[in-house]
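Engineer: The structure file run13.txt (compact mmCIF, C-alpha atoms) is provided below.
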```
# COMPACT_ATOMS: atom_id res chain seq x y z
CA MET M 13 40.19 11.09 69.13
CA LYS M 14 37.91 11.91 66.21
CA THR M 15 38.12 8.85 64.01
CA LEU M 16 36.82 8.25 60.50
CA VAL M 17 36.56 4.61 59.45
CA VAL M 18 36.19 3.94 55.71
CA THR M 19 35.33 0.36 54.83
CA CYS M 20 35.16 -1.24 51.41
CA HIS M 21 33.96 -4.74 50.53
CA PRO M 22 31.06 -5.75 48.24
CA ASP M 23 29.90 -8.55 50.54
CA PRO M 24 28.49 -7.51 53.95
CA SER M 25 29.17 -11.03 55.28
CA SER M 26 32.87 -10.95 54.25
CA PHE M 27 35.87 -11.31 56.51
CA THR M 28 36.69 -7.66 55.77
CA ALA M 29 33.27 -6.71 57.19
CA ALA M 30 34.06 -8.73 60.32
CA VAL M 31 37.42 -6.95 60.61
CA ALA M 32 35.70 -3.55 60.30
CA GLU M 33 33.19 -4.56 62.99
CA ARG M 34 36.03 -5.49 65.35
CA ALA M 35 37.84 -2.24 64.63
CA LEU M 36 34.67 -0.27 65.44
CA THR M 37 34.14 -2.19 68.66
CA ALA M 38 37.69 -1.35 69.76
CA LEU M 39 37.48 2.32 68.78
CA ARG M 40 34.12 2.90 70.45
CA GLY M 41 35.32 1.01 73.52
CA SER M 42 38.24 3.38 73.93
CA GLY M 43 35.90 6.38 73.87
CA ASP M 44 36.67 7.67 70.39
CA GLU M 45 34.16 9.75 68.50
CA VAL M 46 33.68 7.58 65.43
CA ARG M 47 32.18 8.21 62.02
CA VAL M 48 31.80 5.33 59.57
CA THR M 49 31.63 5.29 55.78
CA ASP M 50 30.75 1.96 54.19
CA LEU M 51 31.40 2.68 50.51
CA TYR M 52 29.54 -0.30 49.03
CA LYS M 53 26.60 0.02 51.43
CA GLU M 54 26.01 3.65 50.53
CA GLY M 55 26.47 2.89 46.83
CA PHE M 56 29.35 5.34 46.40
CA ASP M 57 30.08 6.13 42.76
CA PRO M 58 33.86 5.61 42.30
CA LEU M 59 33.99 7.11 38.81
CA PHE M 60 36.11 10.28 38.66
CA THR M 61 34.42 12.28 35.91
CA ALA M 62 35.66 14.65 33.22
CA ALA M 63 34.06 17.57 35.13
CA GLU M 64 36.01 16.60 38.25
CA ARG M 65 39.17 16.31 36.22
CA ARG M 66 38.70 19.91 35.05
CA ARG M 67 38.41 20.96 38.72
CA HIS M 68 41.98 19.78 39.20
CA LEU M 69 42.85 22.98 37.37
CA ASP M 70 39.85 24.99 38.61
CA PRO M 71 39.72 23.52 42.09
CA GLY M 72 37.02 22.23 44.42
CA SER M 73 35.24 18.97 45.06
CA ASP M 74 32.10 17.62 43.47
CA PRO M 75 29.01 18.67 45.52
CA THR M 76 27.86 15.04 45.63
CA VAL M 77 30.84 14.12 47.82
CA ALA M 78 30.45 17.09 50.21
CA SER M 79 29.70 14.90 53.26
CA HIS M 80 32.84 12.84 52.55
CA VAL M 81 34.92 16.00 52.34
CA GLU M 82 33.46 17.21 55.64
CA ASP M 83 34.30 13.89 57.37
CA LEU M 84 37.84 13.93 56.03
CA ALA M 85 38.46 17.48 57.25
CA TRP M 86 36.93 16.57 60.64
CA CYS M 87 38.91 13.46 61.58
CA GLN M 88 42.17 13.19 63.52
CA ARG M 89 42.55 9.51 62.79
CA LEU M 90 41.67 7.83 59.50
CA VAL M 91 41.17 4.07 59.41
CA LEU M 92 40.88 2.33 56.02
CA VAL M 93 39.54 -1.23 55.95
CA TYR M 94 39.65 -3.11 52.64
CA PRO M 95 40.81 -6.30 50.89
CA THR M 96 43.98 -5.94 48.82
CA TRP M 97 43.32 -6.85 45.18
CA TRP M 98 46.09 -6.74 42.57
CA SER M 99 48.36 -5.38 45.32
CA GLY M 100 46.23 -2.25 45.78
CA GLN M 101 42.97 -0.86 47.09
CA PRO M 102 39.77 -2.04 45.35
CA ALA M 103 38.59 0.34 42.61
CA MET M 104 35.76 1.47 44.89
CA MET M 105 38.21 2.81 47.48
CA LYS M 106 40.60 4.16 44.86
CA GLY M 107 37.67 6.10 43.41
CA TRP M 108 36.79 7.48 46.84
CA ILE M 109 40.34 8.82 47.14
CA GLU M 110 40.29 10.33 43.64
CA ARG M 111 36.95 12.06 44.12
CA VAL M 112 37.26 13.21 47.75
CA TRP M 113 41.00 13.87 48.17
CA VAL M 114 41.04 16.61 45.55
CA ARG M 115 42.87 19.88 45.17
CA ASP M 116 41.84 22.44 47.81
CA VAL M 117 40.58 19.59 50.03
CA ALA M 118 43.56 17.27 50.49
CA PHE M 119 46.31 19.44 49.03
CA ASP M 120 47.19 22.82 47.60
CA LEU M 121 48.90 23.05 44.27
CA PRO M 122 50.31 26.53 43.69
CA PRO M 123 50.22 27.81 40.09
CA ASP M 124 53.08 26.52 37.92
CA SER M 125 54.11 24.07 40.62
CA ASN M 126 54.22 20.31 40.55
CA ARG M 127 54.64 19.77 44.28
CA VAL M 128 51.56 19.23 46.41
CA HIS M 129 51.26 20.97 49.79
CA ALA M 130 49.51 19.15 52.64
CA ARG M 131 46.05 20.37 53.63
CA LEU M 132 44.88 17.47 55.80
CA ARG M 133 46.93 18.60 58.77
CA ASN M 134 44.07 17.48 60.99
CA VAL M 135 44.93 13.83 60.24
CA ARG M 136 47.56 12.68 62.76
CA ARG M 137 47.04 8.94 62.54
CA LEU M 138 46.61 6.86 59.39
CA VAL M 139 45.66 3.22 59.85
CA ALA M 140 45.25 0.64 57.09
CA ILE M 141 43.70 -2.73 57.86
CA THR M 142 43.75 -5.17 54.98
CA THR M 143 43.85 -8.79 53.89
CA HIS M 144 45.99 -10.30 51.14
CA GLY M 145 45.14 -13.54 49.35
CA SER M 146 48.78 -14.42 48.80
CA SER M 147 51.75 -14.67 51.13
CA LYS M 148 53.85 -11.88 52.57
CA LEU M 149 56.79 -12.98 50.41
CA VAL M 150 54.76 -12.74 47.19
CA ASN M 151 53.45 -9.33 48.23
CA SER M 152 56.97 -8.09 48.99
CA VAL M 153 58.13 -9.16 45.54
CA GLU M 154 55.10 -7.45 44.00
CA GLY M 155 56.08 -4.24 45.75
CA GLU M 156 53.20 -3.63 48.22
CA ALA M 157 51.69 -0.83 46.13
CA GLY M 158 48.66 -0.42 48.40
CA LYS M 159 50.75 -0.20 51.56
CA ARG M 160 53.04 2.44 50.11
CA MET M 161 50.13 4.43 48.79
CA VAL M 162 48.75 4.78 52.31
CA THR M 163 51.99 5.14 54.26
CA ARG M 164 53.69 7.48 51.80
CA THR M 165 51.44 9.08 49.17
CA LEU M 166 48.40 9.71 51.37
CA ARG M 167 50.53 10.44 54.42
CA ALA M 168 52.33 13.17 52.48
CA VAL M 169 49.20 15.35 52.54
CA CYS M 170 48.40 14.70 56.23
CA HIS M 171 50.01 16.23 59.35
CA PRO M 172 53.82 16.35 58.93
CA LEU M 173 54.26 14.13 62.00
CA ALA M 174 51.37 11.79 61.16
CA ARG M 175 51.96 8.22 62.30
CA THR M 176 50.97 5.28 60.17
CA THR M 177 49.90 1.81 61.25
CA TRP M 178 49.81 -1.14 58.89
CA LEU M 179 47.68 -4.08 60.05
CA ALA M 180 47.69 -6.76 57.38
CA MET M 181 46.78 -10.40 57.21
CA TYR M 182 48.65 -12.28 54.50
CA GLY M 183 47.64 -15.62 52.94
CA VAL M 184 43.98 -15.20 53.87
CA ASP M 185 42.88 -17.52 51.03
CA THR M 186 44.62 -20.47 52.66
CA SER M 187 44.22 -19.41 56.29
CA SER M 188 42.55 -21.38 59.06
CA ALA M 189 39.65 -20.17 61.20
CA ALA M 190 42.06 -19.87 64.12
CA GLN M 191 44.39 -17.58 62.13
CA ARG M 192 41.50 -15.35 61.14
CA THR M 193 40.30 -15.15 64.72
CA ALA M 194 43.82 -14.26 65.81
CA PHE M 195 43.89 -11.42 63.28
CA LEU M 196 40.54 -10.07 64.52
CA ASP M 197 41.93 -10.11 68.07
CA ARG M 198 45.07 -8.32 66.87
CA VAL M 199 43.00 -5.59 65.21
CA GLN M 200 40.98 -5.11 68.37
CA ARG M 201 44.09 -5.02 70.56
CA LYS M 202 45.91 -2.51 68.35
CA LEU M 203 42.95 -0.15 68.08
CA SER M 204 42.08 -0.32 71.78
CA ARG M 205 45.27 1.44 72.77
CA MET H 7 51.24 -10.09 17.46
CA ASP H 8 47.92 -9.09 18.98
CA VAL H 9 48.20 -6.02 21.20
CA LEU H 10 45.49 -5.17 23.72
CA LEU H 11 45.84 -1.49 24.61
CA VAL H 12 43.86 -0.31 27.63
CA CYS H 13 43.46 3.44 28.00
CA ALA H 14 41.98 5.33 30.98
CA HIS H 15 41.26 9.06 31.07
CA PRO H 16 37.91 10.83 31.63
CA GLU H 17 38.40 13.44 28.87
CA ALA H 18 38.22 12.24 25.26
CA GLY H 19 40.67 14.87 24.00
CA SER H 20 43.19 14.32 26.79
CA TYR H 21 46.94 14.06 26.44
CA THR H 22 46.59 10.45 27.68
CA HIS H 23 44.48 9.74 24.58
CA ALA H 24 47.16 11.32 22.41
CA ILE H 25 49.67 8.95 24.03
CA ALA H 26 47.39 5.97 23.36
CA ASP H 27 47.17 7.04 19.68
CA ALA H 28 50.97 7.34 19.50
CA ALA H 29 51.34 3.90 21.08
CA ALA H 30 48.88 2.41 18.58
CA ARG H 31 50.84 4.04 15.71
CA GLY H 32 54.06 2.56 17.05
CA PHE H 33 52.64 -0.95 17.35
CA GLY H 34 51.07 -0.56 13.92
CA ARG H 35 54.42 0.42 12.36
CA ALA H 36 55.89 -2.83 13.73
CA GLY H 37 53.10 -4.79 12.05
CA HIS H 38 51.09 -5.68 15.13
CA ASP H 39 47.30 -5.74 15.36
CA VAL H 40 46.06 -3.33 18.01
CA THR H 41 42.75 -3.45 19.84
CA THR H 42 42.15 -0.38 22.01
CA LEU H 43 39.82 -0.35 25.00
CA ASP H 44 38.99 3.22 25.99
CA LEU H 45 37.49 2.48 29.41
CA TYR H 46 35.73 5.81 29.97
CA ASN H 47 34.28 5.77 26.47
CA LEU H 48 33.01 2.24 27.09
CA ALA H 49 31.44 3.43 30.40
CA PHE H 50 33.23 0.60 32.17
CA ALA H 51 31.91 0.20 35.75
CA PRO H 52 34.90 0.21 38.14
CA ALA H 53 33.45 -1.46 41.24
CA MET H 54 33.33 -5.24 41.53
CA THR H 55 29.77 -6.11 42.45
CA MET H 56 28.60 -8.36 45.27
CA ALA H 57 27.46 -10.99 42.72
CA GLU H 58 30.89 -10.90 41.05
CA ARG H 59 32.60 -11.29 44.41
CA ALA H 60 30.36 -14.27 45.20
CA ALA H 61 31.23 -15.85 41.82
CA TYR H 62 34.97 -15.11 42.13
CA HIS H 63 35.94 -18.58 43.28
CA THR H 64 33.62 -20.41 40.87
CA GLU H 65 34.04 -21.61 37.28
CA GLN H 66 32.07 -18.58 35.98
CA PRO H 67 33.49 -15.45 37.63
CA LEU H 68 32.62 -13.19 34.66
CA LEU H 69 29.01 -12.00 34.90
CA ASP H 70 28.98 -8.81 32.79
CA PRO H 71 28.92 -9.13 28.94
CA LEU H 72 31.57 -6.39 28.81
CA THR H 73 33.98 -8.21 31.13
CA VAL H 74 33.35 -11.46 29.20
CA GLU H 75 34.29 -9.65 25.97
CA HIS H 76 37.38 -8.06 27.51
CA ALA H 77 38.51 -11.34 29.07
CA ALA H 78 38.31 -12.98 25.62
CA LEU H 79 40.56 -10.20 24.25
CA VAL H 80 43.02 -10.72 27.12
CA ARG H 81 43.17 -14.46 26.40
CA HIS H 82 44.19 -13.74 22.79
CA ALA H 83 46.65 -10.96 23.55
CA ASP H 84 50.39 -11.31 23.03
CA VAL H 85 51.02 -7.84 24.42
CA LEU H 86 49.12 -6.06 27.19
CA ALA H 87 49.65 -2.30 27.14
CA PHE H 88 48.28 0.23 29.64
CA VAL H 89 48.12 3.98 29.11
CA TYR H 90 46.91 6.11 32.03
CA PRO H 91 47.66 9.12 34.23
CA THR H 92 49.12 8.15 37.63
CA TRP H 93 46.89 9.48 40.42
CA TRP H 94 47.87 8.90 44.06
CA SER H 95 50.72 6.61 42.92
CA ALA H 96 48.26 4.25 41.25
CA PRO H 97 46.16 3.77 38.11
CA PRO H 98 42.77 5.56 37.99
CA ALA H 99 39.94 3.67 39.73
CA ILE H 100 38.40 2.76 36.36
CA LEU H 101 41.59 0.92 35.35
CA LYS H 102 42.03 -0.62 38.81
CA GLY H 103 38.44 -1.82 38.46
CA TRP H 104 39.26 -3.31 35.07
CA LEU H 105 42.05 -5.33 36.70
CA ASP H 106 39.71 -6.31 39.57
CA ARG H 107 36.80 -7.35 37.32
CA VAL H 108 38.42 -8.71 34.12
CA LEU H 109 41.65 -10.29 35.34
CA VAL H 110 39.90 -12.90 37.46
CA THR H 111 40.30 -16.62 38.07
CA GLY H 112 40.65 -18.50 34.79
CA VAL H 113 41.78 -15.35 32.94
CA ALA H 114 44.87 -14.08 34.75
CA PHE H 115 45.52 -16.89 37.21
CA ARG H 116 44.10 -20.09 38.60
CA PHE H 117 44.23 -21.76 41.98
CA ASP H 118 46.06 -25.08 42.27
CA HIS H 119 44.83 -27.96 44.47
CA ARG H 120 46.50 -26.39 47.51
CA GLY H 121 44.76 -23.07 46.93
CA LYS H 122 47.91 -21.32 45.68
CA VAL H 123 47.82 -18.86 42.81
CA ARG H 124 49.29 -20.04 39.50
CA PRO H 125 49.81 -17.85 36.40
CA ALA H 126 47.32 -18.04 33.52
CA LEU H 127 48.67 -15.20 31.34
CA THR H 128 51.60 -17.29 30.10
CA HIS H 129 50.62 -16.40 26.49
CA VAL H 130 51.50 -12.74 27.14
CA ARG H 131 54.93 -12.02 25.69
CA HIS H 132 55.34 -8.39 26.70
CA LEU H 133 53.86 -5.99 29.25
CA VAL H 134 53.87 -2.27 28.48
CA GLY H 135 52.94 0.69 30.66
CA VAL H 136 52.90 4.36 29.65
CA SER H 137 51.97 6.91 32.27
CA THR H 138 52.03 10.60 33.07
CA TYR H 139 52.78 11.94 36.54
CA GLY H 140 51.97 15.35 38.01
CA ALA H 141 54.93 14.96 40.37
CA PRO H 142 58.62 15.13 39.44
CA TRP H 143 60.57 11.89 38.94
CA ALA H 144 62.35 12.07 42.33
CA TYR H 145 59.08 12.52 44.23
CA VAL H 146 57.55 9.55 42.41
CA LYS H 147 60.57 7.45 43.43
CA VAL H 148 60.29 8.51 47.09
CA VAL H 149 56.58 7.87 47.50
CA ASN H 150 56.89 4.83 45.27
CA ASP H 151 55.39 4.15 41.89
CA GLY H 152 52.65 1.73 42.95
CA GLY H 153 50.97 1.66 39.54
CA ARG H 154 54.18 0.68 37.81
CA ARG H 155 54.76 -2.07 40.40
CA MET H 156 51.21 -3.30 39.96
CA ILE H 157 51.82 -3.85 36.25
CA THR H 158 55.50 -4.76 36.05
CA ARG H 159 55.49 -6.97 39.15
CA ALA H 160 52.03 -8.09 40.32
CA LEU H 161 50.66 -8.58 36.81
CA ARG H 162 53.96 -9.93 35.56
CA MET H 163 53.75 -12.73 38.13
CA SER H 164 50.62 -13.88 36.31
CA CYS H 165 52.49 -13.90 32.98
CA GLY H 166 55.77 -15.46 33.98
CA LEU H 167 58.74 -13.93 35.73
CA ARG H 168 60.76 -13.75 32.51
CA THR H 169 58.13 -11.76 30.63
CA PRO H 170 59.80 -8.54 29.46
CA THR H 171 58.28 -5.25 30.52
CA THR H 172 58.58 -1.75 29.07
CA TRP H 173 57.78 1.35 31.12
CA LEU H 174 57.62 4.86 29.70
CA GLY H 175 56.90 7.70 32.11
CA LEU H 176 56.48 11.43 31.66
CA TYR H 177 57.01 13.32 34.92
CA SER H 178 56.02 16.85 36.08
CA VAL H 179 53.49 16.78 33.26
CA ASP H 180 51.45 19.77 34.53
CA THR H 181 54.38 22.15 34.10
CA LEU H 182 55.79 20.85 30.80
CA GLY H 183 55.62 22.80 27.58
CA ALA H 184 54.06 21.71 24.30
CA ALA H 185 57.45 20.77 22.83
CA GLU H 186 58.24 18.34 25.67
CA ARG H 187 54.81 16.78 25.38
CA ALA H 188 55.21 16.35 21.62
CA ALA H 189 58.67 14.84 22.13
CA PHE H 190 57.25 12.25 24.52
CA LEU H 191 54.61 11.24 21.96
CA ASP H 192 57.42 10.66 19.44
CA ARG H 193 59.36 8.68 22.01
CA VAL H 194 56.36 6.45 22.79
CA GLU H 195 55.74 5.77 19.10
CA HIS H 196 59.39 5.07 18.42
CA GLU H 197 59.98 2.82 21.45
CA LEU H 198 56.88 0.75 20.84
CA ALA H 199 57.64 0.37 17.11
CA ARG H 200 60.93 -1.30 18.13
CA LEU H 201 59.22 -3.72 20.49
CA ASP H 202 59.61 -7.27 19.22
CA PRO H 203 58.87 -6.48 15.53
CA VAL H 204 57.03 -9.06 13.42
CA HIS H 205 59.83 -9.52 10.87
CA GLN H 206 62.35 -10.73 13.46
```
Rewrite the coordinates I just gave you, this time as structure tokens.

Structural biologist:
Amino acid sequence: MKTLVVTCHPDPSSFTAAVAERALTALRGSGDEVRVTDLYKEGFDPLFTAAERRRHLDPGSDPTVASHVEDLAWCQRLVLVYPTWWSGQPAMMKGWIERVWVRDVAFDLPPDSNRVHARLRNVRRLVAITTHGSSKLVNSVEGEAGKRMVTRTLRAVCHPLARTTWLAMYGVDTSSAAQRTAFLDRVQRKLSR
Amino acid sequence: MDVLLVCAHPEAGSYTHAIADAAARGFGRAGHDVTTLDLYNLAFAPAMTMAERAAYHTEQPLLDPLTVEHAALVRHADVLAFVYPTWWSAPPAILKGWLDRVLVTGVAFRFDHRGKVRPALTHVRHLVGVSTYGAPWAYVKVVNDGGRRMITRALRMSCGLRTPTTWLGLYSVDTLGAAERAAFLDRVEHELARLDPVHQ
């Protein structure tokens, strides 16, 4: 399966980086064709500009994100790896979505309509791998905004039968080394299938 | 009361800016002092840097003069108000980045001796969100309004669970006429003028 992995963490020695490494090991081991985008490493600019905003009405993506658009249209499986901050994706990843998943790339918006039509029909699997500082209970009360964004809002512009996988570690701030190792093993196991 | 109004839209003449102006008028009518942060105009950098991440669990997590200044405003605020367009069920990256980089340890929360998060925004008496949505109301409810939850739940947990919240949303904004847009501006001004007035 053609798989695009998008990772996002400012620190290359972070646990998120270790999770991404494990995910890549599993995907490559199962013979997938894998492309990787490390947003911080490549210095991606997450700022959605006024010119890009105007393209929402006069569609098309910014030429500076052309390679990202190409990767997104190429993949059958999209894997997002990031830490959850304030119950959502870090601004860096949110900016990647805003700038790359634009009109005429991710969705069509017919004139005088306010319903988006899916364009990323090539994406049949959506996987989110994330860590939360606080517990699962706290995150449930807070409403899991990041989870729902991936499994509902992003999924809505993918293939109509796209499957979503949510791999999350809760309470990472207070976790033991053994718990973190167990999560890495879980990520590898799930992505090796 | 001191109101900190945070506004996020790339175009200076946007409808979002008109909403922020209406909100400021409303707060002003009730006798509150409003400080507006126009994040795009301030060229706020959305992405938390590696140095900031490294300092996150220290006594000095704020490394940028702009985030230091904004954190000081947050500490003095009685009302936090956010005005933004909802994109992909969430606030724009620049506003998400403001939450990531300004609302850090010692500003929005602190860790207790067991490493659990404790609220630090207990001085905030009201949380306000005003947002526009391209999608209709029903679609927003189905896919879930993550931005609203981020502010009225995640951020509220750092204020105190009894902190009142006000949410004003304008749906299907791309297909609305000028009259409906003007009516929403009036509604924003009116609702926020009634919010906890000074003379009460």

Engineer: Compile the residues of chain M that lie within 7 Å of chain H, evaluated using only C-alpha atoms, and express the compilation as a PDB file with C-alpha atoms, keeping the file's coordinate frame.

Structural biologist:
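Heads up, here's the output in result.pdb:
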```
ATOM      1  CA  PRO M  22      31.060  -5.750  48.240  1.00  0.00           C
ATOM      2  CA  ASP M  23      29.900  -8.550  50.540  1.00  0.00           C
ATOM      3  CA  PRO M  58      33.860   5.610  42.300  1.00  0.00           C
ATOM      4  CA  LEU M  59      33.990   7.110  38.810  1.00  0.00           C
ATOM      5  CA  THR M  61      34.420  12.280  35.910  1.00  0.00           C
ATOM      6  CA  ALA M  62      35.660  14.650  33.220  1.00  0.00           C
ATOM      7  CA  TRP M  97      43.320  -6.850  45.180  1.00  0.00           C
ATOM      8  CA  TRP M  98      46.090  -6.740  42.570  1.00  0.00           C
ATOM      9  CA  SER M  99      48.360  -5.380  45.320  1.00  0.00           C
ATOM     10  CA  ALA M 103      38.590   0.340  42.610  1.00  0.00           C
ATOM     11  CA  MET M 104      35.760   1.470  44.890  1.00  0.00           C
ATOM     12  CA  LYS M 106      40.600   4.160  44.860  1.00  0.00           C
ATOM     13  CA  GLY M 107      37.670   6.100  43.410  1.00  0.00           C
ATOM     14  CA  ASP M 124      53.080  26.520  37.920  1.00  0.00           C
ATOM     15  CA  SER M 125      54.110  24.070  40.620  1.00  0.00           C
ATOM     16  CA  ASN M 126      54.220  20.310  40.550  1.00  0.00           C
ATOM     17  CA  ARG M 127      54.640  19.770  44.280  1.00  0.00           C
ATOM     18  CA  GLU M 154      55.100  -7.450  44.000  1.00  0.00           C
ATOM     19  CA  GLY M 155      56.080  -4.240  45.750  1.00  0.00           C
ATOM     20  CA  ALA M 157      51.690  -0.830  46.130  1.00  0.00           C
ATOM     21  CA  ARG M 160      53.040   2.440  50.110  1.00  0.00           C
ATOM     22  CA  MET M 161      50.130   4.430  48.790  1.00  0.00           C
ATOM     23  CA  ARG M 164      53.690   7.480  51.800  1.00  0.00           C
ATOM     24  CA  THR M 165      51.440   9.080  49.170  1.00  0.00           C
ATOM     25  CA  THR M 186      44.620 -20.470  52.660  1.00  0.00           C
TER      26      THR M 186
END
```

Engineer: What is the atom CA of Pro172 of chain M-atom CA of Tyr94 of chain M distance in Å, reported with one decimal?

Structural biologist: 24.9 Å

Engineer: How far is it from atom CA of Val117 of chain M to atom CA of Cys13 of chain H, in Å with one decimal?

Structural biologist: 27.5 Å

Engineer: Set the distance at 10 Å and use all atoms listed in the file: which residues neighbour Ala168 of chain M once local chain neighbours fewer than 4 positions away are removed? I'd like the list as a ChimeraX atom specification.

Structural biologist: /M:118-119,128-133,161-164,172-174 /H:149

Engineer: Counting all atoms listed in the file, which residue out of M:Phe56, M:Trp86, M:Trp108, M:Tyr182 sits closest to Ser152 of chain M?

Structural biologist: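 Closest to Ser152 of chain M, using all atoms listed in the file: M:Tyr182.
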
Engineer: Using only C-alpha atoms, can you tell me which of H:Met7, H:Leu167, H:Ala126, H:Leu191 comes closest to Ile25 of chain H?

Structural biologist: H:Leu191

Engineer: Within 12 Å of Pro75 of chain M, counting all atoms listed in the file, which residues show up once you throw out same-chain ones fewer than 6 positions away? Write them as a VMD selection string, please.

Structural biologist: chain M and resid 63 to 64 67 81 to 82 111 to 112

Engineer: In Å, with one decimal, what is the gap from atom CA of Thr128 of chain H to atom CA of Val113 of chain H?

Structural biologist: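 Taking atom CA of Thr128 of chain H as the start and atom CA of Val113 of chain H as the end point, the length is 10.4 Å.
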
Engineer: Point out the residue among H:Thr22, H:Ala30, H:Glu186, H:Thr172 with the least atom-to-atom distance to Ala199 of chain H, counting all atoms listed in the file.

Structural biologist: H:Ala30

Engineer: Near Ser147 of chain M, counting only C-alpha atoms, which residues have an atom at most 9 Å away, once you skip same-chain residues fewer than 6 positions from it, shown as a PyMOL selection string?

Structural biologist: chain M and resi 181-184

Engineer: With all atoms listed in the file as the basis for distance, which of H:Thr42, H:Thr64, H:Thr92, H:Asn47 is at the shortest distance from Val80 of chain H?

Structural biologist: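 Among H:Thr42, H:Thr64, H:Thr92, H:Asn47, it is H:Thr42 that comes nearest to Val80 of chain H.
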
Engineer: Could you check which of M:His80, M:Arg115, M:Arg34, M:His21 is closest to Pro95 of chain M, using only C-alpha atoms?

Structural biologist: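 Using only C-alpha atoms, Pro95 of chain M sits closest to M:His21.
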
Engineer: Can you tell me which residues surround Asp83 of chain M at a distance of at most 9 Å, considering only C-alpha atoms, apart from same-chain residues fewer than 5 positions away, and format the answer as a ChimeraX atom specification?

Structural biologist: /M:16,47,78

Engineer: Using all atoms listed in the file, can you tell me which of H:Pro125, H:Gly166, H:Gly135, H:Gly34 comes closest to Val110 of chain H?

Structural biologist: H:Pro125

Engineer: For Thr193 of chain M, list every protein, DNA or RNA residue within 12 Å, evaluated using all atoms listed in the file, and leave out those in the same chain fewer than 4 positions away; present the list as an MDAnalysis selection string.

Structural biologist: chainID M and resid 27 30:31 34 181 184 187:189 197:200

Engineer: Quick one: residues within 9 Å of (47.1, 10.2, 26.4) (file frame), counting only C-alpha atoms, please, as a PyMOL selection string.

Structural biologist: chain H and resi 13-15+19-28+89-91+136-138+191

Engineer: Could you please take those selected residues and save C-alpha atoms as an mmCIF file, in the coordinates of the input?

Structural biologist:
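Now in selection07.cif:
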```cif
data_model
loop_
_atom_site.group_PDB
_atom_site.id
_atom_site.type_symbol
_atom_site.label_atom_id
_atom_site.label_comp_id
_atom_site.auth_asym_id
_atom_site.auth_seq_id
_atom_site.Cartn_x
_atom_site.Cartn_y
_atom_site.Cartn_z
ATOM 1 C CA CYS H 13 43.460 3.440 28.000
ATOM 2 C CA ALA H 14 41.980 5.330 30.980
ATOM 3 C CA HIS H 15 41.260 9.060 31.070
ATOM 4 C CA GLY H 19 40.670 14.870 24.000
ATOM 5 C CA SER H 20 43.190 14.320 26.790
ATOM 6 C CA TYR H 21 46.940 14.060 26.440
ATOM 7 C CA THR H 22 46.590 10.450 27.680
ATOM 8 C CA HIS H 23 44.480 9.740 24.580
ATOM 9 C CA ALA H 24 47.160 11.320 22.410
ATOM 10 C CA ILE H 25 49.670 8.950 24.030
ATOM 11 C CA ALA H 26 47.390 5.970 23.360
ATOM 12 C CA ASP H 27 47.170 7.040 19.680
ATOM 13 C CA ALA H 28 50.970 7.340 19.500
ATOM 14 C CA VAL H 89 48.120 3.980 29.110
ATOM 15 C CA TYR H 90 46.910 6.110 32.030
ATOM 16 C CA PRO H 91 47.660 9.120 34.230
ATOM 17 C CA VAL H 136 52.900 4.360 29.650
ATOM 18 C CA SER H 137 51.970 6.910 32.270
ATOM 19 C CA THR H 138 52.030 10.600 33.070
ATOM 20 C CA LEU H 191 54.610 11.240 21.960
#
```
